[in-house]
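File shown: structure_36.txt (compact mmCIF, C-alpha atoms and all ligand atoms).
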```
# COMPACT_ATOMS: atom_id res chain seq x y z
CA MET F 95 0.00 0.00 0.00
CA ARG F 96 0.99 3.64 -0.43
CA VAL F 97 1.29 4.99 3.10
CA LEU F 98 2.10 8.41 4.42
CA ILE F 99 3.68 8.57 7.89
CA LEU F 100 3.22 11.95 9.58
CA GLY F 101 5.78 12.38 12.37
CA GLY F 102 8.09 9.90 10.66
CA ASP F 103 11.15 11.02 12.66
CA GLY F 104 9.63 10.21 16.07
CA TYR F 105 10.10 7.42 18.65
CA LEU F 106 7.34 5.43 16.92
CA GLY F 107 7.16 7.11 13.51
CA TRP F 108 10.67 6.10 12.47
CA PRO F 109 10.47 2.40 13.38
CA THR F 110 6.98 2.26 11.82
CA SER F 111 8.36 3.72 8.58
CA MET F 112 11.08 1.05 8.46
CA ALA F 113 8.73 -1.80 9.38
CA LEU F 114 6.21 -0.87 6.70
CA ALA F 115 8.92 -0.41 4.06
CA ALA F 116 10.33 -3.83 5.01
CA LYS F 117 6.90 -5.36 4.37
CA GLY F 118 6.95 -3.94 0.83
CA HIS F 119 4.71 -0.91 1.34
CA GLU F 120 5.53 2.35 -0.43
CA VAL F 121 6.36 4.75 2.42
CA LEU F 122 6.67 8.53 2.52
CA ALA F 123 7.77 9.78 5.97
CA ILE F 124 7.27 13.43 6.91
CA ASP F 125 8.44 15.42 9.90
CA ASN F 126 9.11 19.02 10.94
CA TYR F 127 11.56 18.06 13.77
CA MET F 128 9.34 19.62 16.43
CA ARG F 129 10.20 16.92 18.96
CA ARG F 130 13.94 17.37 18.32
CA ARG F 131 13.57 21.12 18.80
CA ILE F 132 11.59 20.81 22.05
CA ALA F 133 14.01 18.17 23.35
CA HIS F 134 16.88 20.53 22.66
CA GLU F 135 15.16 23.56 24.20
CA THR F 136 14.24 21.64 27.36
CA GLU F 137 17.61 19.87 27.65
CA SER F 138 15.93 16.53 27.08
CA ASP F 139 17.96 15.11 24.19
CA ALA F 140 17.63 11.38 23.56
CA LEU F 141 20.20 8.85 24.78
CA MET F 142 21.62 8.07 21.34
CA ASP F 143 22.44 10.48 18.54
CA ASN F 144 19.85 9.93 15.85
CA PRO F 145 20.71 10.99 12.31
CA ARG F 146 18.18 13.29 10.67
CA LEU F 147 15.34 11.74 8.69
CA PRO F 148 16.79 11.71 5.13
CA GLU F 149 20.08 10.33 6.48
CA ARG F 150 18.28 7.63 8.46
CA ALA F 151 16.42 6.63 5.30
CA ALA F 152 19.71 6.45 3.36
CA ILE F 153 21.31 4.29 6.08
CA TYR F 154 18.27 2.00 6.10
CA ARG F 155 18.30 1.71 2.31
CA ALA F 156 21.99 0.77 2.31
CA ALA F 157 21.41 -1.81 5.06
CA SER F 158 18.18 -3.37 3.78
CA GLY F 159 17.57 -2.36 0.17
CA HIS F 160 14.20 -0.87 1.16
CA ALA F 161 13.41 2.72 0.21
CA ILE F 162 11.69 5.28 2.44
CA ALA F 163 10.91 8.60 0.77
CA THR F 164 11.17 11.58 3.13
CA ALA F 165 10.01 15.19 3.26
CA ILE F 166 10.72 17.82 5.88
CA GLY F 167 7.80 20.16 6.47
CA ASP F 168 5.07 21.19 8.86
CA CYS F 169 1.71 19.43 8.65
CA ALA F 170 0.18 22.46 10.37
CA ASP F 171 0.91 24.27 7.06
CA MET F 172 -2.02 23.31 4.82
CA ASP F 173 -0.27 24.29 1.57
CA PHE F 174 2.57 21.90 2.39
CA LEU F 175 0.24 19.07 3.44
CA SER F 176 -2.07 19.53 0.43
CA GLY F 177 0.94 19.29 -1.88
CA VAL F 178 2.05 16.07 -0.23
CA PHE F 179 -1.40 14.48 -0.46
CA SER F 180 -2.00 15.49 -4.06
CA ASP F 181 1.44 14.29 -5.23
CA PHE F 182 1.58 11.03 -3.22
CA ASN F 183 -2.14 10.11 -3.21
CA PRO F 184 -1.89 7.86 -0.13
CA GLU F 185 -4.14 4.89 0.50
CA ALA F 186 -3.42 5.17 4.23
CA VAL F 187 -2.06 7.95 6.44
CA VAL F 188 -0.60 7.20 9.88
CA HIS F 189 -0.86 10.34 11.98
CA PHE F 190 1.81 10.60 14.71
CA ALA F 191 2.49 14.29 14.04
CA GLU F 192 1.65 15.63 17.48
CA GLN F 193 3.42 17.05 20.49
CA PRO F 194 3.46 13.76 22.46
CA SER F 195 4.50 14.76 25.98
CA GLY F 196 2.09 15.19 28.89
CA PRO F 197 4.70 16.96 31.05
CA TYR F 198 5.63 19.42 28.26
CA SER F 199 1.96 20.34 27.82
CA MET F 200 1.77 21.18 31.55
CA ARG F 201 4.92 23.33 31.69
CA GLY F 202 3.23 26.71 31.19
CA PHE F 203 1.00 28.78 28.94
CA GLY F 204 3.30 28.75 25.89
CA GLU F 205 3.82 25.01 25.94
CA ALA F 206 0.12 24.31 26.56
CA ARG F 207 -0.89 26.59 23.70
CA GLU F 208 1.70 25.09 21.35
CA THR F 209 0.44 21.57 22.15
CA LEU F 210 -3.20 22.52 21.67
CA LEU F 211 -2.71 24.44 18.41
CA ASN F 212 -0.30 21.95 16.88
CA ASN F 213 -2.21 18.79 17.75
CA LEU F 214 -5.68 20.01 16.85
CA GLY F 215 -4.43 22.00 13.84
CA VAL F 216 -2.60 19.05 12.32
CA THR F 217 -5.53 16.67 12.83
CA PHE F 218 -7.84 19.22 11.23
CA ASN F 219 -5.50 19.63 8.24
CA VAL F 220 -5.16 15.87 7.81
CA ILE F 221 -8.95 15.52 7.69
CA TRP F 222 -9.24 18.27 5.05
CA ALA F 223 -6.30 16.98 3.02
CA VAL F 224 -7.99 13.58 2.86
CA LEU F 225 -11.35 15.12 1.92
CA LYS F 226 -9.82 17.26 -0.83
CA HIS F 227 -7.14 15.03 -2.31
CA ALA F 228 -7.58 11.38 -1.27
CA PRO F 229 -11.19 10.73 -0.18
CA GLY F 230 -10.74 6.95 0.09
CA CYS F 231 -7.62 7.23 2.26
CA HIS F 232 -7.79 5.44 5.63
CA ILE F 233 -6.74 7.70 8.52
CA ILE F 234 -4.88 5.80 11.25
CA LYS F 235 -4.67 8.15 14.20
CA LEU F 236 -2.58 7.64 17.31
CA GLY F 237 -4.80 8.32 20.27
CA THR F 238 -4.00 7.37 23.85
CA MET F 239 -5.43 5.22 26.63
CA GLY F 240 -5.05 8.41 28.67
CA GLU F 241 -8.18 9.74 26.93
CA TYR F 242 -10.27 7.53 29.23
CA GLY F 243 -8.43 8.43 32.44
CA THR F 244 -8.97 6.00 35.30
CA PRO F 245 -12.75 5.68 35.75
CA ASN F 246 -14.22 3.46 38.43
CA ILE F 247 -15.94 1.27 35.80
CA ASP F 248 -14.61 -1.07 33.08
CA ILE F 249 -13.25 0.80 30.04
CA GLU F 250 -14.80 -0.34 26.75
CA GLU F 251 -13.04 -0.32 23.40
CA GLY F 252 -14.01 3.17 22.29
CA TRP F 253 -17.79 2.87 22.42
CA ILE F 254 -20.39 2.22 25.11
CA ASP F 255 -24.10 1.35 24.94
CA ILE F 256 -26.07 3.47 27.35
CA GLU F 257 -29.61 2.83 28.50
CA HIS F 258 -31.23 5.96 29.86
CA LYS F 259 -34.86 6.35 30.94
CA GLY F 260 -35.89 3.29 28.96
CA ARG F 261 -34.08 4.17 25.69
CA ARG F 262 -30.70 2.96 24.39
CA ASP F 263 -27.98 4.47 22.20
CA LYS F 264 -24.26 4.01 21.50
CA PHE F 265 -21.74 6.75 22.40
CA LEU F 266 -18.02 7.29 22.58
CA PHE F 267 -16.88 6.02 26.00
CA PRO F 268 -16.69 8.94 28.49
CA ARG F 269 -13.26 10.53 28.52
CA GLN F 270 -11.48 12.57 31.18
CA ALA F 271 -7.76 13.03 30.66
CA GLY F 272 -5.04 13.89 33.17
CA SER F 273 -2.93 16.33 31.12
CA LEU F 274 -3.52 18.93 28.43
CA TYR F 275 -1.67 16.70 25.94
CA HIS F 276 -4.04 13.80 26.67
CA THR F 277 -6.97 16.23 26.39
CA THR F 278 -5.87 17.23 22.86
CA LYS F 279 -6.21 13.56 21.93
CA ILE F 280 -9.83 13.60 23.17
CA LEU F 281 -10.50 16.68 21.06
CA ASP F 282 -8.86 14.98 18.04
CA THR F 283 -11.21 12.02 18.47
CA ASP F 284 -14.22 14.33 18.57
CA LEU F 285 -13.05 16.13 15.40
CA LEU F 286 -12.54 12.86 13.57
CA TRP F 287 -15.92 11.52 14.68
CA PHE F 288 -17.63 14.70 13.48
CA TYR F 289 -16.09 14.39 10.00
CA VAL F 290 -16.75 10.64 9.87
CA ARG F 291 -20.45 11.40 10.47
CA LEU F 292 -20.45 14.30 8.04
CA HIS F 293 -18.42 12.96 5.13
CA GLY F 294 -18.09 9.20 5.60
CA LEU F 295 -14.34 9.16 6.26
CA ARG F 296 -12.71 5.87 7.27
CA VAL F 297 -10.77 6.26 10.53
CA THR F 298 -9.02 4.01 13.04
CA ASP F 299 -8.22 5.68 16.37
CA LEU F 300 -5.61 3.70 18.29
CA MET F 301 -5.86 4.29 22.05
CA GLN F 302 -2.30 3.39 22.86
CA GLY F 303 -0.79 2.90 26.32
CA PRO F 304 2.80 3.82 27.24
CA VAL F 305 5.30 2.10 24.93
CA TYR F 306 8.66 0.65 26.00
CA GLY F 307 11.67 -0.69 24.15
CA LEU F 308 14.12 0.35 21.49
CA ALA F 309 14.98 -2.64 19.32
CA THR F 310 12.89 -3.76 16.36
CA ASP F 311 13.75 -6.20 13.56
CA GLU F 312 14.92 -3.32 11.40
CA THR F 313 17.19 -1.64 13.98
CA GLU F 314 19.44 -4.70 14.23
CA ALA F 315 21.38 -3.83 11.06
CA ASP F 316 22.91 -0.55 12.29
CA GLU F 317 22.71 1.22 15.66
CA ARG F 318 22.12 4.52 13.85
CA LEU F 319 18.67 3.12 12.99
CA LEU F 320 17.58 2.98 16.65
CA PRO F 321 14.59 5.17 17.53
CA ASN F 322 15.09 8.33 19.58
CA PHE F 323 15.20 6.79 23.04
CA HIS F 324 14.29 9.26 25.77
CA TYR F 325 14.87 8.86 29.49
CA ASP F 326 14.18 12.47 30.51
CA ASP F 327 11.08 13.55 32.45
CA ILE F 328 9.58 15.23 29.35
CA PHE F 329 9.62 12.56 26.65
CA GLY F 330 10.74 9.38 28.41
CA THR F 331 8.03 6.81 29.17
CA VAL F 332 8.21 5.22 32.58
CA LEU F 333 9.79 1.83 31.87
CA ASN F 334 12.39 3.31 29.51
CA ARG F 335 13.23 5.83 32.24
CA PHE F 336 13.56 3.18 34.94
CA LEU F 337 15.97 1.14 32.80
CA VAL F 338 18.24 4.14 32.24
CA GLN F 339 18.01 5.14 35.91
CA ALA F 340 19.08 1.61 36.90
CA VAL F 341 22.07 1.81 34.54
CA ALA F 342 23.03 5.27 35.83
CA GLY F 343 22.77 4.23 39.50
CA VAL F 344 19.93 6.70 40.13
CA PRO F 345 17.17 5.31 42.43
CA LEU F 346 14.02 4.53 40.44
CA THR F 347 11.65 7.51 40.50
CA VAL F 348 8.30 5.99 41.47
CA TYR F 349 5.86 8.92 41.59
CA GLY F 350 3.81 8.87 44.79
CA LYS F 351 2.34 5.55 45.92
CA GLY F 352 3.14 3.85 42.59
CA GLY F 353 -0.28 2.20 42.34
CA GLN F 354 -0.96 3.99 39.00
CA VAL F 355 -1.94 1.20 36.57
CA ARG F 356 -1.66 1.61 32.81
CA GLY F 357 -1.79 -0.72 29.79
CA TYR F 358 1.72 -1.09 28.30
CA LEU F 359 3.13 -2.48 25.08
CA ASN F 360 6.45 -3.31 23.46
CA ILE F 361 7.47 -1.04 20.57
CA ARG F 362 7.46 -4.14 18.34
CA ASP F 363 3.74 -4.51 19.02
CA THR F 364 3.07 -0.88 18.08
CA LEU F 365 4.49 -1.68 14.64
CA GLN F 366 2.32 -4.79 14.30
CA CYS F 367 -0.83 -2.95 15.41
CA ILE F 368 -0.31 -0.21 12.85
CA GLU F 369 0.27 -2.62 10.01
CA LEU F 370 -2.76 -4.71 11.03
CA ALA F 371 -4.97 -1.61 11.16
CA MET F 372 -3.64 -0.57 7.76
CA ILE F 373 -4.09 -3.82 5.86
CA LYS F 374 -7.50 -4.44 7.46
CA PRO F 375 -8.91 -0.90 7.22
CA ALA F 376 -11.95 0.63 8.87
CA ALA F 377 -15.05 0.62 6.66
CA LYS F 378 -16.11 3.86 5.01
CA GLY F 379 -18.17 6.00 7.38
CA THR F 380 -16.80 4.40 10.55
CA LEU F 381 -14.64 5.54 13.42
CA ARG F 382 -13.08 2.28 14.60
CA VAL F 383 -11.40 2.41 18.00
CA PHE F 384 -8.90 -0.09 19.39
CA ASN F 385 -7.34 -0.08 22.85
CA GLN F 386 -3.69 -0.63 21.96
CA PHE F 387 -1.81 -2.31 24.79
CA THR F 388 -0.96 -5.87 25.72
CA GLU F 389 -0.52 -6.01 29.52
CA GLN F 390 -1.34 -3.92 32.58
CA PHE F 391 1.17 -3.01 35.25
CA SER F 392 1.32 -0.61 38.15
CA VAL F 393 4.35 1.68 38.42
CA ASN F 394 5.43 -0.42 41.43
CA ASP F 395 5.24 -3.63 39.31
CA LEU F 396 7.59 -2.06 36.75
CA ALA F 397 10.00 -0.77 39.39
CA ASP F 398 10.12 -4.20 41.08
CA ARG F 399 10.84 -5.88 37.73
CA VAL F 400 13.65 -3.49 36.82
CA HIS F 401 15.05 -3.82 40.35
CA ARG F 402 15.11 -7.63 40.19
CA VAL F 403 16.47 -8.04 36.65
CA GLY F 404 18.97 -5.19 37.09
CA ASN F 405 20.35 -6.67 40.29
CA ASP F 406 20.66 -10.09 38.59
CA LEU F 407 22.82 -8.36 35.96
CA GLY F 408 25.07 -6.91 38.67
CA LEU F 409 23.64 -3.38 38.76
CA LYS F 410 22.87 -1.88 42.15
CA VAL F 411 19.26 -0.84 41.67
CA GLU F 412 17.36 1.07 44.34
CA ILE F 413 13.73 2.19 44.35
CA ARG F 414 12.99 5.55 45.98
CA PRO F 415 9.43 6.91 45.70
CA ILE F 416 9.26 10.69 45.31
CA ALA F 417 6.41 13.20 45.59
CA ASN F 418 4.18 12.87 42.54
CA PRO F 419 4.66 15.86 40.22
CA ARG F 420 1.36 15.00 38.47
CA LYS F 421 -2.26 15.16 39.57
CA GLU F 422 -3.46 11.58 39.12
CA ALA F 423 -5.01 8.75 41.15
CA GLU F 424 -2.26 6.70 42.80
CA GLU F 425 -4.61 3.84 43.74
CA HIS F 426 -7.56 3.08 41.48
CA TYR F 427 -9.68 0.54 39.65
CA TYR F 428 -8.48 -0.22 36.09
CA ASN F 429 -9.99 -2.76 33.73
CA PRO F 430 -9.91 -1.77 30.04
CA CYS F 431 -10.98 -4.20 27.25
CA HIS F 432 -8.41 -4.79 24.53
CA SER F 433 -9.64 -7.56 22.28
CA GLY F 434 -9.96 -5.80 18.90
CA LEU F 435 -6.32 -5.89 17.82
CA LYS F 436 -5.94 -9.50 18.98
CA GLU F 437 -8.91 -10.36 16.77
CA LEU F 438 -7.14 -8.65 13.84
CA GLY F 439 -4.12 -10.91 14.45
CA LEU F 440 -1.84 -9.18 16.98
CA ARG F 441 0.70 -11.59 18.50
CA SER F 442 1.99 -9.87 21.61
CA HIS F 443 5.59 -9.60 22.79
CA LEU F 444 5.08 -9.70 26.55
CA LEU F 445 7.34 -8.18 29.19
CA THR F 446 9.46 -11.13 30.38
CA ASP F 447 12.68 -10.91 32.39
CA ASP F 448 14.55 -11.75 29.17
CA VAL F 449 12.97 -8.78 27.41
CA VAL F 450 14.02 -6.50 30.29
CA ALA F 451 17.55 -7.95 30.23
CA ALA F 452 17.78 -7.43 26.44
CA MET F 453 16.80 -3.78 26.87
CA PHE F 454 19.52 -3.38 29.52
CA GLU F 455 22.05 -4.86 27.08
CA LYS F 456 21.11 -2.24 24.48
CA ILE F 457 21.35 0.64 26.95
CA LEU F 458 24.55 -0.31 28.80
CA PRO F 459 26.97 0.70 26.00
CA TYR F 460 25.54 4.25 26.24
CA ARG F 461 26.00 4.53 30.02
CA ASP F 462 28.49 7.40 29.77
CA ARG F 463 26.04 9.48 27.76
CA ILE F 464 23.38 9.55 30.49
CA VAL F 465 22.88 13.06 31.91
CA PRO F 466 21.48 12.66 35.46
CA ALA F 467 20.07 16.22 35.44
CA ARG F 468 17.47 15.06 32.87
CA ILE F 469 16.05 12.41 35.19
CA MET F 470 14.22 14.08 38.09
CA PRO F 471 10.83 15.63 37.26
CA ARG F 472 11.14 19.30 36.30
CA VAL F 473 7.44 19.95 35.58
CA ARG F 474 4.65 19.97 38.17
CA TRP F 475 0.95 19.80 37.35
CA SER F 476 0.08 22.45 39.94
N1 LIG S 1 5.68 7.64 36.31
C1 LIG S 1 6.41 7.38 37.47
N2 LIG S 1 7.72 7.69 37.46
C2 LIG S 1 8.37 8.22 36.38
C3 LIG S 1 7.64 8.46 35.21
C4 LIG S 1 6.28 8.16 35.21
O1 LIG S 1 5.86 6.90 38.47
O2 LIG S 1 9.57 8.48 36.47
C5 LIG S 1 4.24 7.27 36.25
C6 LIG S 1 3.34 8.42 35.83
O3 LIG S 1 3.01 9.24 36.92
C7 LIG S 1 2.16 7.65 35.23
C8 LIG S 1 2.79 6.39 34.64
O4 LIG S 1 4.07 6.29 35.27
O5 LIG S 1 1.26 7.28 36.24
C9 LIG S 1 2.97 6.43 33.14
O6 LIG S 1 3.70 7.61 32.82
P1 LIG S 1 4.46 7.81 31.42
O7 LIG S 1 5.26 9.06 31.54
O8 LIG S 1 5.14 6.55 31.03
O9 LIG S 1 3.23 7.98 30.42
P2 LIG S 1 2.32 9.23 30.05
O10 LIG S 1 2.78 10.52 30.58
O11 LIG S 1 0.92 8.86 30.37
O12 LIG S 1 2.51 9.34 28.49
C10 LIG S 1 3.01 8.29 27.67
C11 LIG S 1 3.41 8.90 26.34
C12 LIG S 1 2.18 9.47 25.68
C13 LIG S 1 1.13 8.38 25.56
C14 LIG S 1 0.82 7.78 26.93
C15 LIG S 1 -0.11 6.60 26.92
O13 LIG S 1 4.40 9.88 26.53
O14 LIG S 1 2.53 9.98 24.41
O15 LIG S 1 -0.05 8.92 25.03
O16 LIG S 1 2.06 7.29 27.49
S1 LIG S 1 -1.20 6.57 28.32
O17 LIG S 1 -0.40 6.74 29.55
O18 LIG S 1 -1.90 5.31 28.34
O19 LIG S 1 -2.08 7.68 28.18
```
Would it be possible to restate this file's structure as structure tokens?
Ligand code: USQ
Amino acid sequence: MRVLILGGDGYLGWPTSMALAAKGHEVLAIDNYMRRRIAHETESDALMDNPRLPERAAIYRAASGHAIATAIGDCADMDFLSGVFSDFNPEAVVHFAEQPSGPYSMRGFGEARETLLNNLGVTFNVIWAVLKHAPGCHIIKLGTMGEYGTPNIDIEEGWIDIEHKGRRDKFLFPRQAGSLYHTTKILDTDLLWFYVRLHGLRVTDLMQGPVYGLATDETEADERLLPNFHYDDIFGTVLNRFLVQAVAGVPLTVYGKGGQVRGYLNIRDTLQCIELAMIKPAAKGTLRVFNQFTEQFSVNDLADRVHRVGNDLGLKVEIRPIANPRKEAEEHYYNPCHSGLKELGLRSHLLTDDVVAAMFEKILPYRDRIVPARIMPRVRWS
């Protein structure tokens, strides 16, 4: 298929571009380097040096023979995005082109505004670019499990049937996010659902949990193909952070009581989910929602795992809970469904001790590059 990857330079966008090219799809990856710029401005650069997008594509082509076309530009600029859609005429677009950090969105007015305008503006432009230039194109949108928050009832896969005063109807599951970033994802979903109803778009909204990991089949050929692996408080997801903290000898930063439960997945499973959604598209006129994670853990479960496996490898890992910089429930009910992607064919890579040890092996050679000042939380919710 001809697939456009928006945000193709990111933690997930780059490995997705390689994985889809490896499967024989025709890939065009686009990015404006917003995440690189914010990382630089907030002193949150990734652990490894990542070549820029066209260079990454050239390295991948030399290593694998697979081509990834690239373009540098801003999807918030409609003239740029329209040109891309009319020239490339994609059959699917994977939309990662958002400011992806909860903490960054809570840093202050400027960061909140930038997150809101970028995320909503790009989603709006993608919808209009599809309507104008590629009406059959399937939009695959990265949402987040954080859209649902942590309600005291089971979380359905996107939709819920409600009976009220003797009548029934189906609605999007109630959503109540814990950061402005997560709230922009709710607003994206509402925009997409409006245009699905109005114009019969085909959309898959992937409610993804926090992702961990750095190696994929395609990164094995050359370490310069690794994704941008963050361990800072702005862009680093919790398990990736704990692994780097263990390597650096910094006590693991459990926020508050550590009973926060989320649905997690290996980066390899993100790639599978996206390809599955793409080759088995949503029907015209539907907003299809999948809860994209494979296992649930509390923060304490993850810290205990990193502690145990790290110590087996000879690291001296300590766990030291700190005051929670976020406003979130630290003990709560959590039971989300996640059967849709399994039914499409997802074969999960679960978090075993071997998987944790393999991640340590990848990180250890970069030990001297870890900057401890990037580890402790620098942003507070209130
Ligand atoms: N946490 C700690 N210690 C840390 C870092 C995080 O206890 O050092 C806790 C957080 O308070 C939270 C949980 O770990 O309860 C997960 O935090 P996270 O930073 O891994 O994930 P989050 O901020 O929610 O965001 C990440 C991605 C985001 C994606 C989201 C999926 O950055 O792009 O949308 O995961 S979800 O969390 O399901 O909404």
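Of the residues listed (F:Met453, F:Phe267, F:Leu435, F:Leu445), F:Leu445 shows the shortest atom-to-atom separation from Tyr358 of chain F; distances use all atoms listed in the file.
Taking all atoms listed in the file into account, the residues that come within 6 Å of ligand LIG 1 (chain S) are F:Pro194, F:Ser195, F:Gly196, F:Thr238, F:Met239, F:Gly240, F:Gln302, F:Gly303, F:Pro304, F:Phe329, F:Thr331, F:Val332, F:Thr347, F:Val348, F:Tyr349, F:Gly352, F:Gln354, F:Arg356, F:Val393.
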### Query
Closest to Gln386 of chain F among F:Leu346, F:Met200, F:Ala271, F:Val305, using all atoms listed in the file?
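Between F:Leu346, F:Met200, F:Ala271, F:Val305, the residue approaching Gln386 of chain F most closely is F:Val305.
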### Task
Have a look at F:His134, F:His189, F:His232, F:Lys117 and name the one nearest to Gly159 of chain F; count all atoms listed in the file.
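Closest candidate: F:Lys117.
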### Task
Find the residue from F:Glu257, F:Glu369, F:Glu251, F:Asp263 that sits nearest to Ser111 of chain F; use only C-alpha atoms when measuring.
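Of F:Glu257, F:Glu369, F:Glu251, F:Asp263, the one nearest Ser111 of chain F is F:Glu369, counting only C-alpha atoms.
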### Query
Between F:Asn418, F:Gln390, F:Gln270, F:Asn322, which has the minimum distance to Arg472 of chain F (counting only C-alpha atoms)?
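Residue with the minimum atom-to-atom distance to Arg472 of chain F: F:Asn418.
Within 12 Å of Lys456 of chain F, once only C-alpha atoms are used and residues closer than 2 positions along the same chain are dropped, the contacting residues are F:Leu141, F:Met142, F:Gly307, F:Leu308, F:Ala309, F:Thr310, F:Thr313, F:Glu314, F:Glu317, F:Leu320, F:Phe323, F:Asn334, F:Leu337, F:Val338, F:Val341, F:Val449, F:Val450, F:Ala451, F:Ala452, F:Met453, F:Phe454, F:Leu458, F:Pro459, F:Tyr460, F:Arg461.
The space separating atom CA of Gly215 of chain F from atom CA of Val188 of chain F comes to 15.8 Å.
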